[in-house]
Amino acid sequence: MALGYLLILFIGITVISTLGIIFLLLSKNDVIKKIMFYMLSILSILICGLEAISSPTNFIFQQIIAWLIGLISVIAIIIHVKCNKKYRAYILTIVSLILGILKLFSFI
């Protein structure tokens, strides 16, 4: 029964992330791009935080990797706010999101 819930969670996170990435990259409206960027960044941080706190306490190295993947998204937010290099921030957020999903479900 619990594996069914995990499958639904995995499919939901994957679909939301995929649609968010598509809207981020294909939207021509700057307001929608900004909203999608921040939503995907927050989603990436939450996914990495979920992975870090759900790991056993003696798996320190894997917890550090999860927090570092989340830190990529924080760096993307800083780049987005401070610099005019929006596409670099978008790419960092997308990479952080994909790595976070893969790390959460132990594919890497």
# chains A, B, ... in the order shown; residues from 1 in each chain; ligands from 1
>>> residues_around(residues="stretch 102-106 of chain A", least_positions_apart="5", cutoff="12 Å", atoms="only C-alpha atoms", output="ChimeraX atom specification")
/A:6-7,9-11,13-14,44-55,62-70,95-97
>>> residues_around(residues="A:Ile77", least_positions_apart="6", cutoff="10 Å", atoms="only C-alpha atoms", output="mmCIF file with N, CA, C and O atoms, in the first residue's frame")
data_model
loop_
_atom_site.group_PDB
_atom_site.id
_atom_site.type_symbol
_atom_site.label_atom_id
_atom_site.label_comp_id
_atom_site.auth_asym_id
_atom_site.auth_seq_id
_atom_site.Cartn_x
_atom_site.Cartn_y
_atom_site.Cartn_z
ATOM 1 N N PHE A 37 10.034 30.211 -12.583
ATOM 2 C CA PHE A 37 11.398 30.063 -12.083
ATOM 3 C C PHE A 37 11.406 29.944 -10.564
ATOM 4 O O PHE A 37 12.039 29.048 -10.005
ATOM 5 N N TYR A 38 10.707 30.847 -9.891
ATOM 6 C CA TYR A 38 10.701 30.810 -8.430
ATOM 7 C C TYR A 38 9.972 29.573 -7.900
ATOM 8 O O TYR A 38 10.394 28.983 -6.902
ATOM 9 N N SER A 41 12.341 26.682 -8.368
ATOM 10 C CA SER A 41 13.450 26.779 -7.414
ATOM 11 C C SER A 41 13.016 26.325 -6.022
ATOM 12 O O SER A 41 13.730 25.568 -5.357
ATOM 13 N N ILE A 42 11.858 26.771 -5.604
ATOM 14 C CA ILE A 42 11.350 26.360 -4.299
ATOM 15 C C ILE A 42 11.054 24.869 -4.284
ATOM 16 O O ILE A 42 11.356 24.178 -3.300
ATOM 17 N N LEU A 71 21.534 23.614 -2.836
ATOM 18 C CA LEU A 71 22.287 24.858 -2.863
ATOM 19 C C LEU A 71 22.444 25.390 -4.283
ATOM 20 O O LEU A 71 22.512 26.604 -4.491
ATOM 21 N N CYS A 83 22.134 39.356 -11.206
ATOM 22 C CA CYS A 83 22.706 39.527 -12.542
ATOM 23 C C CYS A 83 21.601 39.565 -13.595
ATOM 24 O O CYS A 83 20.450 39.298 -13.314
ATOM 25 N N LYS A 86 19.685 35.563 -17.002
ATOM 26 C CA LYS A 86 18.502 34.809 -16.617
ATOM 27 C C LYS A 86 18.585 33.352 -17.063
ATOM 28 O O LYS A 86 18.185 32.463 -16.332
ATOM 29 N N ALA A 89 20.532 31.122 -14.782
ATOM 30 C CA ALA A 89 19.758 30.792 -13.589
ATOM 31 C C ALA A 89 18.711 29.731 -13.906
ATOM 32 O O ALA A 89 18.485 28.815 -13.103
ATOM 33 N N TYR A 90 18.086 29.821 -15.078
ATOM 34 C CA TYR A 90 17.107 28.821 -15.475
ATOM 35 C C TYR A 90 17.753 27.444 -15.598
ATOM 36 O O TYR A 90 17.209 26.443 -15.131
ATOM 37 N N LEU A 92 20.528 26.368 -14.161
ATOM 38 C CA LEU A 92 20.914 25.862 -12.842
ATOM 39 C C LEU A 92 19.714 25.308 -12.074
ATOM 40 O O LEU A 92 19.816 24.273 -11.414
ATOM 41 N N THR A 93 18.580 25.984 -12.170
ATOM 42 C CA THR A 93 17.388 25.496 -11.490
ATOM 43 C C THR A 93 16.915 24.176 -12.085
ATOM 44 O O THR A 93 16.542 23.258 -11.351
#
>>> residues_around(residues="A:Met39", least_positions_apart="6", cutoff="10 Å", atoms="only C-alpha atoms", output="PyMOL selection string")
chain A and resi 17+20+33+45
>>> atom_distance(atom1="atom CA of A:Ile16", atom2="atom CA of A:Lys28")
19.6 Å
>>> atom_distance(atom1="atom CA of A:Ile35", atom2="atom CA of A:Ile75")
17.0 Å
>>> select_by_dssp(residues="stretch 51-86 of chain A", states="alpha helix (DSSP H)", output="PyMOL selection string")
chain A and resi 51-54+60-82+86
>>> closest_residue(among="A:Leu24, A:Ile8, A:Ile79, A:Leu3", to="A:Met36", atoms="only C-alpha atoms")
A:Leu24
>>> decode(residues="stretch 83-101 of chain A", atoms="N, CA, C and O atoms", output="PDB file, in the first residue's frame")
ATOM      1  N   CYS A  83      22.134  39.356 -11.206  1.00  0.00           N
ATOM      2  CA  CYS A  83      22.706  39.527 -12.542  1.00  0.00           C
ATOM      3  C   CYS A  83      21.601  39.565 -13.595  1.00  0.00           C
ATOM      4  O   CYS A  83      20.450  39.298 -13.314  1.00  0.00           O
ATOM      5  N   ASN A  84      21.986  39.873 -14.787  1.00  0.00           N
ATOM      6  CA  ASN A  84      21.052  39.840 -15.910  1.00  0.00           C
ATOM      7  C   ASN A  84      21.168  38.550 -16.704  1.00  0.00           C
ATOM      8  O   ASN A  84      20.693  38.482 -17.826  1.00  0.00           O
ATOM      9  N   LYS A  85      21.794  37.565 -16.146  1.00  0.00           N
ATOM     10  CA  LYS A  85      21.983  36.292 -16.835  1.00  0.00           C
ATOM     11  C   LYS A  85      20.861  35.332 -16.431  1.00  0.00           C
ATOM     12  O   LYS A  85      21.050  34.423 -15.637  1.00  0.00           O
ATOM     13  N   LYS A  86      19.685  35.563 -17.002  1.00  0.00           N
ATOM     14  CA  LYS A  86      18.502  34.809 -16.617  1.00  0.00           C
ATOM     15  C   LYS A  86      18.585  33.352 -17.063  1.00  0.00           C
ATOM     16  O   LYS A  86      18.185  32.463 -16.332  1.00  0.00           O
ATOM     17  N   TYR A  87      19.106  33.103 -18.262  1.00  0.00           N
ATOM     18  CA  TYR A  87      19.125  31.729 -18.761  1.00  0.00           C
ATOM     19  C   TYR A  87      20.090  30.856 -17.977  1.00  0.00           C
ATOM     20  O   TYR A  87      19.857  29.661 -17.842  1.00  0.00           O
ATOM     21  N   ARG A  88      21.162  31.429 -17.442  1.00  0.00           N
ATOM     22  CA  ARG A  88      22.055  30.646 -16.586  1.00  0.00           C
ATOM     23  C   ARG A  88      21.332  30.224 -15.316  1.00  0.00           C
ATOM     24  O   ARG A  88      21.486  29.103 -14.848  1.00  0.00           O
ATOM     25  N   ALA A  89      20.532  31.122 -14.782  1.00  0.00           N
ATOM     26  CA  ALA A  89      19.758  30.792 -13.589  1.00  0.00           C
ATOM     27  C   ALA A  89      18.711  29.731 -13.906  1.00  0.00           C
ATOM     28  O   ALA A  89      18.485  28.815 -13.103  1.00  0.00           O
ATOM     29  N   TYR A  90      18.086  29.821 -15.078  1.00  0.00           N
ATOM     30  CA  TYR A  90      17.107  28.821 -15.475  1.00  0.00           C
ATOM     31  C   TYR A  90      17.753  27.444 -15.598  1.00  0.00           C
ATOM     32  O   TYR A  90      17.209  26.443 -15.131  1.00  0.00           O
ATOM     33  N   ILE A  91      18.922  27.408 -16.220  1.00  0.00           N
ATOM     34  CA  ILE A  91      19.613  26.130 -16.409  1.00  0.00           C
ATOM     35  C   ILE A  91      20.027  25.535 -15.068  1.00  0.00           C
ATOM     36  O   ILE A  91      19.872  24.327 -14.840  1.00  0.00           O
ATOM     37  N   LEU A  92      20.528  26.368 -14.161  1.00  0.00           N
ATOM     38  CA  LEU A  92      20.914  25.862 -12.842  1.00  0.00           C
ATOM     39  C   LEU A  92      19.714  25.308 -12.074  1.00  0.00           C
ATOM     40  O   LEU A  92      19.816  24.273 -11.414  1.00  0.00           O
ATOM     41  N   THR A  93      18.580  25.984 -12.170  1.00  0.00           N
ATOM     42  CA  THR A  93      17.388  25.496 -11.490  1.00  0.00           C
ATOM     43  C   THR A  93      16.915  24.176 -12.085  1.00  0.00           C
ATOM     44  O   THR A  93      16.542  23.258 -11.351  1.00  0.00           O
ATOM     45  N   ILE A  94      16.937  24.071 -13.396  1.00  0.00           N
ATOM     46  CA  ILE A  94      16.510  22.827 -14.047  1.00  0.00           C
ATOM     47  C   ILE A  94      17.436  21.683 -13.672  1.00  0.00           C
ATOM     48  O   ILE A  94      16.982  20.578 -13.354  1.00  0.00           O
ATOM     49  N   VAL A  95      18.739  21.937 -13.666  1.00  0.00           N
ATOM     50  CA  VAL A  95      19.701  20.897 -13.278  1.00  0.00           C
ATOM     51  C   VAL A  95      19.487  20.488 -11.827  1.00  0.00           C
ATOM     52  O   VAL A  95      19.478  19.290 -11.498  1.00  0.00           O
ATOM     53  N   SER A  96      19.288  21.458 -10.946  1.00  0.00           N
ATOM     54  CA  SER A  96      19.055  21.159  -9.539  1.00  0.00           C
ATOM     55  C   SER A  96      17.776  20.353  -9.344  1.00  0.00           C
ATOM     56  O   SER A  96      17.740  19.419  -8.536  1.00  0.00           O
ATOM     57  N   LEU A  97      16.756  20.691 -10.086  1.00  0.00           N
ATOM     58  CA  LEU A  97      15.485  19.980  -9.977  1.00  0.00           C
ATOM     59  C   LEU A  97      15.612  18.538 -10.450  1.00  0.00           C
ATOM     60  O   LEU A  97      15.162  17.607  -9.771  1.00  0.00           O
ATOM     61  N   ILE A  98      16.247  18.343 -11.582  1.00  0.00           N
ATOM     62  CA  ILE A  98      16.400  16.987 -12.115  1.00  0.00           C
ATOM     63  C   ILE A  98      17.291  16.142 -11.204  1.00  0.00           C
ATOM     64  O   ILE A  98      16.970  14.982 -10.902  1.00  0.00           O
ATOM     65  N   LEU A  99      18.403  16.707 -10.754  1.00  0.00           N
ATOM     66  CA  LEU A  99      19.282  15.969  -9.848  1.00  0.00           C
ATOM     67  C   LEU A  99      18.592  15.661  -8.520  1.00  0.00           C
ATOM     68  O   LEU A  99      18.777  14.583  -7.952  1.00  0.00           O
ATOM     69  N   GLY A 100      17.793  16.597  -8.026  1.00  0.00           N
ATOM     70  CA  GLY A 100      17.054  16.369  -6.792  1.00  0.00           C
ATOM     71  C   GLY A 100      16.054  15.239  -6.914  1.00  0.00           C
ATOM     72  O   GLY A 100      15.918  14.410  -6.008  1.00  0.00           O
ATOM     73  N   ILE A 101      15.341  15.181  -8.037  1.00  0.00           N
ATOM     74  CA  ILE A 101      14.388  14.093  -8.250  1.00  0.00           C
ATOM     75  C   ILE A 101      15.111  12.761  -8.359  1.00  0.00           C
ATOM     76  O   ILE A 101      14.702  11.762  -7.758  1.00  0.00           O
TER      77      ILE A 101
END
